[in-house]
file work_15.cif (mmCIF, C-alpha atoms)
data_model
loop_
_atom_site.label_atom_id
_atom_site.label_comp_id
_atom_site.auth_asym_id
_atom_site.auth_seq_id
_atom_site.Cartn_x
_atom_site.Cartn_y
_atom_site.Cartn_z
CA MET A 18 92.88 124.17 243.09
CA TYR A 19 93.62 124.61 246.78
CA LEU A 20 96.67 126.25 248.34
CA LEU A 21 97.92 124.65 251.55
CA PHE A 22 100.58 126.11 253.83
CA ASP A 23 102.14 125.47 257.23
CA ILE A 24 104.16 128.27 258.84
CA GLY A 25 106.15 126.80 261.68
CA ALA A 26 108.52 128.53 264.05
CA THR A 27 111.53 127.38 262.01
CA LYS A 28 110.22 125.95 258.71
CA MET A 29 107.33 126.73 256.41
CA ARG A 30 105.78 124.38 253.86
CA VAL A 31 103.61 125.22 250.86
CA ALA A 32 101.76 122.83 248.55
CA VAL A 33 98.79 122.75 246.19
CA SER A 34 95.95 120.29 245.76
CA VAL A 35 94.63 120.01 242.23
CA ASP A 36 91.94 117.38 242.88
CA GLY A 37 90.92 118.43 246.39
CA GLU A 38 91.88 114.99 247.72
CA THR A 39 95.68 114.88 247.60
CA PHE A 40 98.50 117.41 247.34
CA GLY A 41 101.74 117.60 245.41
CA GLU A 42 105.33 117.83 246.59
CA PRO A 43 105.59 120.66 249.12
CA ALA A 44 108.12 123.47 248.95
CA ILE A 45 110.04 123.76 252.24
CA GLU A 46 111.91 126.88 253.34
CA GLU A 47 113.14 128.59 256.48
CA THR A 48 110.38 130.72 258.00
CA PRO A 49 111.27 134.41 257.57
CA GLN A 50 111.31 136.31 260.84
CA ASP A 51 110.03 139.42 259.04
CA PHE A 52 106.27 139.46 258.44
CA GLU A 53 106.29 141.23 255.07
CA GLU A 54 109.03 138.95 253.78
CA GLY A 55 107.04 135.92 254.93
CA VAL A 56 103.91 137.02 253.05
CA LEU A 57 105.95 137.63 249.91
CA ARG A 58 107.60 134.20 250.12
CA ILE A 59 104.28 132.41 250.58
CA THR A 60 102.88 134.29 247.59
CA ALA A 61 105.90 133.44 245.44
CA LEU A 62 105.77 129.77 246.40
CA ALA A 63 102.03 129.68 245.72
CA LEU A 64 102.62 131.06 242.21
CA GLU A 65 105.41 128.57 241.64
CA ARG A 66 103.47 125.53 242.84
CA SER A 67 100.19 126.47 241.13
CA GLY A 68 101.84 127.28 237.83
CA GLY A 69 99.86 130.50 237.76
CA GLN A 70 96.50 128.70 237.75
CA LYS A 71 93.52 130.07 239.67
CA ILE A 72 93.51 129.18 243.38
CA ALA A 73 89.95 128.62 244.63
CA ALA A 74 90.79 128.76 248.33
CA ALA A 75 93.75 128.70 250.67
CA CYS A 76 94.21 127.33 254.16
CA GLY A 77 97.18 127.18 256.47
CA GLY A 78 98.49 127.24 259.99
CA ILE A 79 100.99 129.34 261.89
CA ALA A 80 102.52 129.03 265.34
CA GLY A 81 100.66 131.10 267.94
CA PRO A 82 97.15 132.01 269.12
CA PHE A 83 94.80 134.08 266.96
CA ASP A 84 92.18 136.68 267.73
CA ARG A 85 88.56 135.52 267.66
CA THR A 86 88.24 136.20 263.92
CA LYS A 87 91.28 134.03 263.08
CA SER A 88 92.83 136.98 261.25
CA VAL A 89 95.67 138.27 263.43
CA LEU A 90 98.18 136.57 265.72
CA VAL A 91 97.69 137.97 269.22
CA ASN A 92 100.90 136.38 270.46
CA ALA A 93 103.87 134.88 268.64
CA PRO A 94 106.64 133.78 271.03
CA HIS A 95 108.73 132.27 268.23
CA LEU A 96 107.80 134.76 265.45
CA PRO A 97 107.55 138.07 267.33
CA LYS A 98 107.55 140.26 264.18
CA TRP A 99 104.36 138.51 263.00
CA LYS A 100 102.42 139.46 266.13
CA GLY A 101 99.51 141.85 265.58
CA LYS A 102 99.99 141.92 261.79
CA PRO A 103 97.00 141.56 259.40
CA LEU A 104 98.02 138.11 258.17
CA ARG A 105 94.75 136.97 256.64
CA ALA A 106 94.08 140.31 254.92
CA ALA A 107 97.64 140.46 253.56
CA LEU A 108 97.48 136.94 252.14
CA GLU A 109 94.03 137.43 250.63
CA ALA A 110 95.20 140.63 248.94
CA LYS A 111 98.30 138.92 247.48
CA LEU A 112 96.68 135.62 246.54
CA GLY A 113 93.31 136.96 245.37
CA THR A 114 91.39 134.18 247.12
CA PRO A 115 89.71 133.51 250.49
CA VAL A 116 92.19 132.40 253.15
CA THR A 117 91.40 130.32 256.25
CA LEU A 118 93.91 130.52 259.09
CA GLU A 119 94.33 128.19 262.03
CA ASN A 120 96.92 127.46 264.68
CA ASP A 121 99.62 125.26 263.13
CA THR A 122 99.40 122.58 265.82
CA ALA A 123 95.62 122.45 265.47
CA LEU A 124 95.98 121.67 261.76
CA VAL A 125 98.63 119.01 262.36
CA GLY A 126 96.34 117.44 264.94
CA LEU A 127 93.43 117.52 262.48
CA GLY A 128 95.65 115.89 259.88
CA GLU A 129 96.65 113.12 262.28
CA ALA A 130 93.00 112.62 263.30
CA THR A 131 91.70 112.36 259.73
CA ALA A 132 94.60 110.86 257.78
CA GLY A 133 97.21 109.76 260.30
CA ALA A 134 97.75 107.89 263.55
CA GLY A 135 94.41 108.94 265.06
CA LYS A 136 92.25 108.02 262.07
CA GLY A 137 89.19 106.03 263.12
CA GLN A 138 89.17 107.38 266.69
CA ARG A 139 86.47 109.86 267.71
CA ILE A 140 88.30 111.97 270.32
CA VAL A 141 91.96 112.52 269.50
CA ALA A 142 94.45 114.49 271.57
CA TYR A 143 97.46 115.57 269.53
CA ILE A 144 100.58 116.90 271.25
CA THR A 145 103.64 118.31 269.51
CA VAL A 146 106.99 118.63 271.27
CA SER A 147 109.26 120.64 269.02
CA THR A 148 110.66 124.19 269.08
CA GLY A 149 107.65 124.84 271.33
CA VAL A 150 104.96 122.63 272.85
CA ASN A 151 101.27 122.65 272.05
CA GLY A 152 98.33 120.40 271.36
CA VAL A 153 94.78 120.18 270.08
CA ARG A 154 91.64 118.17 270.78
CA THR A 155 89.69 116.94 267.76
CA VAL A 156 86.24 115.37 267.97
CA GLY A 157 84.66 113.50 265.09
CA GLY A 158 87.25 114.80 262.65
CA ASN A 159 86.77 118.43 263.69
CA ILE A 160 88.96 120.78 265.69
CA ASP A 161 87.21 121.18 269.02
CA GLU A 162 85.62 124.54 269.74
CA SER A 163 87.49 127.03 271.91
CA ALA A 164 87.39 130.74 272.66
CA LEU A 165 91.04 131.52 271.95
CA GLY A 166 92.60 128.22 270.88
CA PHE A 167 94.70 125.71 272.79
CA GLU A 168 98.10 126.38 274.39
CA ILE A 169 98.88 123.30 276.49
CA GLY A 170 102.61 124.01 276.47
CA HIS A 171 101.95 126.86 278.89
CA GLN A 172 100.40 124.65 281.57
CA ILE A 173 102.25 124.95 284.89
CA ILE A 174 103.82 121.68 286.03
CA ASP A 175 106.29 123.05 288.61
CA ALA A 176 104.78 126.11 290.29
CA GLY A 177 107.70 127.90 291.91
CA GLY A 178 109.54 124.65 292.46
CA ALA A 179 113.22 123.81 292.33
CA LEU A 180 113.09 122.85 288.65
CA ALA A 181 111.51 126.14 287.63
CA ASN A 182 114.11 128.08 289.56
CA ALA A 183 116.98 126.04 288.21
CA PHE A 184 115.78 126.44 284.61
CA HIS A 185 115.06 130.16 285.03
CA GLY A 186 111.52 129.61 283.80
CA GLU A 187 108.03 129.89 285.23
CA GLY A 188 107.36 126.19 285.65
CA ARG A 189 105.59 125.75 282.32
CA LEU A 190 105.76 122.42 280.48
CA GLU A 191 107.43 124.17 277.54
CA ASP A 192 110.21 125.40 279.87
CA PHE A 193 111.33 121.82 280.43
CA VAL A 194 110.78 119.79 277.26
CA SER A 195 110.87 122.09 274.20
CA GLY A 196 113.73 122.52 271.76
CA SER A 197 113.95 126.25 272.46
CA SER A 198 114.29 125.60 276.19
CA PHE A 199 117.13 123.13 275.55
CA LEU A 200 119.01 125.73 273.53
CA ARG A 201 118.51 128.27 276.29
CA ARG A 202 119.47 125.95 279.14
CA PHE A 203 122.29 123.92 277.59
CA GLY A 204 123.50 126.15 274.77
CA LYS A 205 123.35 123.33 272.24
CA HIS A 206 120.88 121.65 269.90
CA PRO A 207 118.93 118.74 271.44
CA ARG A 208 120.32 116.35 268.81
CA ASP A 209 123.78 116.97 270.26
CA ILE A 210 122.76 115.94 273.79
CA THR A 211 123.33 112.26 274.62
CA ASP A 212 122.92 112.28 278.42
CA GLU A 213 120.48 109.39 278.99
CA ALA A 214 119.61 110.49 282.53
CA MET A 215 118.63 113.93 281.26
CA TRP A 216 116.40 112.44 278.55
CA GLU A 217 114.80 110.14 281.13
CA GLU A 218 113.97 113.12 283.35
CA THR A 219 112.58 114.97 280.35
CA ALA A 220 110.33 111.98 279.59
CA ARG A 221 109.05 112.10 283.17
CA LEU A 222 108.27 115.81 282.91
CA LEU A 223 106.50 115.36 279.59
CA ALA A 224 104.45 112.55 281.14
CA ILE A 225 103.14 115.07 283.70
CA GLY A 226 101.95 117.33 280.89
CA VAL A 227 100.39 114.40 279.03
CA HIS A 228 98.69 113.31 282.26
CA ASN A 229 97.13 116.75 282.76
CA THR A 230 96.01 116.91 279.15
CA ILE A 231 94.32 113.50 279.38
CA LEU A 232 92.48 114.63 282.52
CA HIS A 233 91.19 117.76 280.78
CA TRP A 234 90.37 116.30 277.35
CA SER A 235 89.54 112.61 278.10
CA PRO A 236 90.61 111.38 274.64
CA ASP A 237 90.31 107.95 273.04
CA ILE A 238 93.94 108.19 271.89
CA VAL A 239 96.93 110.49 272.34
CA VAL A 240 99.12 111.14 269.29
CA ILE A 241 102.52 112.67 270.00
CA GLY A 242 104.85 114.16 267.41
CA GLY A 243 107.50 116.82 266.96
CA SER A 244 111.26 116.98 266.54
CA MET A 245 111.95 116.39 270.25
CA MET A 246 110.47 112.89 269.96
CA LYS A 247 113.22 111.72 267.62
CA THR A 248 116.48 109.94 268.53
CA PRO A 249 118.35 111.28 270.41
CA GLY A 250 115.37 112.76 272.14
CA ILE A 251 112.40 111.92 274.32
CA SER A 252 111.39 108.26 274.30
CA LEU A 253 107.64 107.81 273.87
CA ALA A 254 107.91 104.41 275.56
CA ARG A 255 109.48 106.03 278.64
CA VAL A 256 106.78 108.72 278.69
CA ASP A 257 104.20 105.93 278.71
CA GLU A 258 105.97 104.14 281.56
CA HIS A 259 105.95 107.27 283.70
CA LEU A 260 102.31 107.87 282.76
CA LYS A 261 101.38 104.43 284.09
CA LYS A 262 102.54 105.50 287.54
CA ILE A 263 100.70 108.80 287.75
CA LEU A 264 97.46 108.38 285.77
CA THR A 265 95.35 106.53 288.34
CA ILE A 266 91.97 108.27 288.33
CA PHE A 267 90.68 106.53 285.19
CA PRO A 268 90.21 102.73 284.91
CA GLU A 269 92.28 102.66 281.72
CA ARG A 270 94.75 104.85 279.86
CA PRO A 271 94.28 106.00 276.29
CA PRO A 272 97.07 104.64 274.10
CA LEU A 273 100.06 106.88 273.34
CA VAL A 274 101.10 106.55 269.70
CA PRO A 275 103.64 108.37 267.51
CA ALA A 276 102.45 110.78 264.84
CA SER A 277 102.56 109.19 261.39
CA LEU A 278 102.43 112.08 258.90
CA GLY A 279 105.93 113.40 259.48
CA ASP A 280 106.51 117.02 258.54
CA PHE A 281 103.34 117.28 256.45
CA GLY A 282 100.62 116.80 259.06
CA GLY A 283 99.70 120.48 258.87
CA LEU A 284 99.16 120.26 255.12
CA HIS A 285 96.91 117.22 255.56
CA GLY A 286 94.97 119.16 258.20
CA ALA A 287 94.62 122.21 255.94
CA LEU A 288 93.28 120.02 253.16
CA ALA A 289 90.82 118.35 255.55
CA LEU A 290 89.55 121.75 256.70
CA LEU A 291 89.06 122.99 253.13
CA GLN A 292 87.27 119.75 252.24
CA LYS A 293 84.90 120.29 255.16
CA GLN A 294 84.23 123.88 254.08
CA HIS A 295 83.56 122.73 250.51
CA ARG A 296 81.10 120.07 251.66
CA SER A 297 79.33 122.57 253.90
CA ALA A 298 79.01 125.07 251.04
CA ARG A 299 77.57 122.42 248.71
CA GLN A 300 75.01 121.36 251.33
CA LYS A 301 73.85 124.95 251.75
CA GLU A 302 73.52 125.34 247.97
CA SER A 303 71.35 122.21 247.75
CA ILE A 304 68.87 123.48 250.36
#

call {"tool": "encode", "arguments": {"input": "work_15.cif", "output": "structure tokens"}}
result
Amino acid sequence: MYLLFDIGATKMRVAVSVDGETFGEPAIEETPQDFEEGVLRITALALERSGGQKIAAACGGIAGPFDRTKSVLVNAPHLPKWKGKPLRAALEAKLGTPVTLENDTALVGLGEATAGAGKGQRIVAYITVSTGVNGVRTVGGNIDESALGFEIGHQIIDAGGALANAFHGEGRLEDFVSGSSFLRRFGKHPRDITDEAMWEETARLLAIGVHNTILHWSPDIVVIGGSMMKTPGISLARVDEHLKKILTIFPERPPLVPASLGDFGGLHGALALLQKQHRSARQKESI
């Protein structure tokens, strides 16, 4: 039995896979801001979902970059009390099983590449536009190698310009298109904003970030998901229209498609990663 979890900035999801191929109905709760409380809740949900049966391995994602050992969050803008805490060691001690940790967006992107909208494509760029902004590059069904992970939401798209000054930010993509930036700038939830001109401008700004990401990663397809891509929200069609005007260096554009796994992409990605680890272990045993 595998334990799968996805710790987002606002929600966390926990599920189990009995057969190693599918998973059952996930438990969904608000993500505790306190680290110790979060570990306890994951442990309790794991016990509940597994029915007390032995868990062979666990895998999950959390928002933020890890250290090189994938054990400790080195930064956690949306979960500051989790920063620097021994997350992997704490979970392994409570669960009594090996735990693999990965950035939450990276696992969602892996899920979309292996079981979702990017399935069948070799190089997949996944971008999430939600409470924060991030993305991942997967190649051949694997999360691409990196030294410290991917943080594309922190790319500068307006270095010291009028927009950065007006929004009291530093010109990062996340300053303009994320849910947290909308709350800070407008004092209301994005779903309560119906100004079409504002959403059009947000689509243009996101297109700049997508453009830069395509230049750096050169993907076969770009999958975009996250709560900010819902209605009301950022129109993927309008992002694509703006992209047509600015992406001119390549002879063709990779298609932009919506994510297809909904809120459970991270769980699909966690399962895919555990499956890969299991296959690798079996190959080593057969040698």

call {"tool": "closest_residue", "arguments": {"input": "work_15.cif", "among": "A:Gly81, A:Pro115, A:Gly137, A:Gly128", "to": "A:Glu168", "atoms": "all atoms listed in the file"}}
result
A:Gly81

call {"tool": "resolve_selection", "arguments": {"input": "work_15.cif", "expression": "the PyMOL selection byres ((chain A and resi 290) around 12)", "output": "mmCIF file with C-alpha atoms, keeping the file's coordinate frame"}}
result
data_model
loop_
_atom_site.group_PDB
_atom_site.id
_atom_site.type_symbol
_atom_site.label_atom_id
_atom_site.label_comp_id
_atom_site.auth_asym_id
_atom_site.auth_seq_id
_atom_site.Cartn_x
_atom_site.Cartn_y
_atom_site.Cartn_z
ATOM 1 C CA TYR A 19 93.620 124.610 246.780
ATOM 2 C CA LEU A 20 96.670 126.250 248.340
ATOM 3 C CA LEU A 21 97.920 124.650 251.550
ATOM 4 C CA GLY A 37 90.920 118.430 246.390
ATOM 5 C CA GLU A 38 91.880 114.990 247.720
ATOM 6 C CA ALA A 74 90.790 128.760 248.330
ATOM 7 C CA ALA A 75 93.750 128.700 250.670
ATOM 8 C CA CYS A 76 94.210 127.330 254.160
ATOM 9 C CA GLY A 77 97.180 127.180 256.470
ATOM 10 C CA GLY A 78 98.490 127.240 259.990
ATOM 11 C CA VAL A 116 92.190 132.400 253.150
ATOM 12 C CA THR A 117 91.400 130.320 256.250
ATOM 13 C CA LEU A 118 93.910 130.520 259.090
ATOM 14 C CA GLU A 119 94.330 128.190 262.030
ATOM 15 C CA ALA A 123 95.620 122.450 265.470
ATOM 16 C CA LEU A 124 95.980 121.670 261.760
ATOM 17 C CA VAL A 125 98.630 119.010 262.360
ATOM 18 C CA GLY A 126 96.340 117.440 264.940
ATOM 19 C CA LEU A 127 93.430 117.520 262.480
ATOM 20 C CA GLY A 128 95.650 115.890 259.880
ATOM 21 C CA ALA A 130 93.000 112.620 263.300
ATOM 22 C CA THR A 131 91.700 112.360 259.730
ATOM 23 C CA GLY A 158 87.250 114.800 262.650
ATOM 24 C CA ASN A 159 86.770 118.430 263.690
ATOM 25 C CA ILE A 160 88.960 120.780 265.690
ATOM 26 C CA GLY A 283 99.700 120.480 258.870
ATOM 27 C CA LEU A 284 99.160 120.260 255.120
ATOM 28 C CA HIS A 285 96.910 117.220 255.560
ATOM 29 C CA GLY A 286 94.970 119.160 258.200
ATOM 30 C CA ALA A 287 94.620 122.210 255.940
ATOM 31 C CA LEU A 288 93.280 120.020 253.160
ATOM 32 C CA ALA A 289 90.820 118.350 255.550
ATOM 33 C CA LEU A 291 89.060 122.990 253.130
ATOM 34 C CA GLN A 292 87.270 119.750 252.240
ATOM 35 C CA LYS A 293 84.900 120.290 255.160
ATOM 36 C CA GLN A 294 84.230 123.880 254.080
ATOM 37 C CA HIS A 295 83.560 122.730 250.510
ATOM 38 C CA ARG A 296 81.100 120.070 251.660
ATOM 39 C CA SER A 297 79.330 122.570 253.900
#

call {"tool": "atom_distance", "arguments": {"input": "work_15.cif", "atom1": "atom CA of A:Phe22", "atom2": "atom CA of A:Ile45"}}
result
9.9 Å

call {"tool": "residues_around", "arguments": {"input": "work_15.cif", "residues": "stretch 58-65 of chain A", "least_positions_apart": "2", "cutoff": "12 Å", "atoms": "only C-alpha atoms", "output": "MDAnalysis selection string"}}
result
chainID A and resid 18:24 28:34 42:56 67:72 74:77 104 107:114

call {"tool": "atom_distance", "arguments": {"input": "work_15.cif", "atom1": "atom CA of A:Ser244", "atom2": "atom CA of A:Thr211"}}
result
15.3 Å

call {"tool": "resolve_selection", "arguments": {"input": "work_15.cif", "expression": "the PyMOL selection byres ((chain A and resi 150) around 9)", "output": "MDAnalysis selection string"}}
result
chainID A and resid 122 144:149 151:152 168:171 190:191 194:196 243

call {"tool": "closest_residue", "arguments": {"input": "work_15.cif", "among": "A:Leu200, A:Val156, A:Ala164, A:Val141", "to": "A:Pro271", "atoms": "all atoms listed in the file"}}
result
A:Val141

call {"tool": "atom_distance", "arguments": {"input": "work_15.cif", "atom1": "atom CA of A:His259", "atom2": "atom CA of A:Leu223"}}
result
9.1 Å

call {"tool": "decode", "arguments": {"input": "work_15.cif", "residues": "stretch 150-174 of chain A", "atoms": "N, CA and C atoms", "output": "compact mmCIF listing (two decimals), in the first residue's frame"}}
result
# COMPACT_ATOMS: atom_id res chain seq x y z
N VAL A 150 2.59 30.98 -8.16
CA VAL A 150 2.85 30.58 -9.55
C VAL A 150 4.12 29.74 -9.57
N ASN A 151 4.08 28.62 -10.28
CA ASN A 151 5.28 27.83 -10.45
C ASN A 151 5.10 26.91 -11.65
N GLY A 152 6.11 26.13 -11.92
CA GLY A 152 6.06 25.22 -13.06
C GLY A 152 7.12 24.17 -12.95
N VAL A 153 7.07 23.21 -13.88
CA VAL A 153 8.06 22.14 -13.91
C VAL A 153 8.22 21.66 -15.34
N ARG A 154 9.40 21.19 -15.66
CA ARG A 154 9.68 20.57 -16.95
C ARG A 154 9.85 19.08 -16.73
N THR A 155 9.09 18.27 -17.46
CA THR A 155 9.24 16.83 -17.40
C THR A 155 9.71 16.34 -18.77
N VAL A 156 10.56 15.33 -18.74
CA VAL A 156 11.12 14.77 -19.97
C VAL A 156 11.00 13.25 -19.92
N GLY A 157 10.29 12.69 -20.87
CA GLY A 157 10.13 11.24 -20.90
C GLY A 157 9.45 10.68 -19.67
N GLY A 158 8.52 11.43 -19.10
CA GLY A 158 7.80 10.96 -17.92
C GLY A 158 8.58 11.08 -16.63
N ASN A 159 9.64 11.90 -16.64
CA ASN A 159 10.44 12.13 -15.44
C ASN A 159 10.58 13.62 -15.17
N ILE A 160 10.58 14.00 -13.90
CA ILE A 160 10.85 15.39 -13.54
C ILE A 160 12.28 15.70 -13.94
N ASP A 161 12.46 16.78 -14.69
CA ASP A 161 13.78 17.12 -15.17
C ASP A 161 14.72 17.41 -14.01
N GLU A 162 16.00 17.13 -14.21
CA GLU A 162 16.99 17.37 -13.16
C GLU A 162 17.18 18.86 -12.92
N SER A 163 17.48 19.20 -11.68
CA SER A 163 17.77 20.59 -11.32
C SER A 163 18.60 20.57 -10.04
N ALA A 164 19.26 21.67 -9.76
CA ALA A 164 20.04 21.75 -8.52
C ALA A 164 19.16 22.03 -7.33
N LEU A 165 18.22 22.97 -7.48
CA LEU A 165 17.40 23.39 -6.35
C LEU A 165 15.91 23.46 -6.69
N GLY A 166 15.51 22.84 -7.79
CA GLY A 166 14.11 22.87 -8.16
C GLY A 166 13.81 23.99 -9.14
N PHE A 167 12.53 24.16 -9.44
CA PHE A 167 12.08 25.19 -10.38
C PHE A 167 11.19 26.19 -9.64
N GLU A 168 11.36 27.47 -9.94
CA GLU A 168 10.55 28.52 -9.33
C GLU A 168 10.27 29.60 -10.37
N ILE A 169 9.50 29.23 -11.41
CA ILE A 169 9.30 30.15 -12.54
C ILE A 169 8.41 31.34 -12.18
N GLY A 170 7.67 31.25 -11.08
CA GLY A 170 6.85 32.38 -10.67
C GLY A 170 7.67 33.57 -10.23
N HIS A 171 8.95 33.34 -9.95
CA HIS A 171 9.82 34.42 -9.49
C HIS A 171 10.63 35.05 -10.62
N GLN A 172 10.35 34.67 -11.86
CA GLN A 172 11.00 35.33 -12.98
C GLN A 172 10.56 36.79 -13.05
N ILE A 173 11.49 37.68 -13.39
CA ILE A 173 11.19 39.10 -13.48
C ILE A 173 10.62 39.42 -14.86
N ILE A 174 9.43 39.98 -14.90
CA ILE A 174 8.84 40.37 -16.19
C ILE A 174 8.65 41.88 -16.30
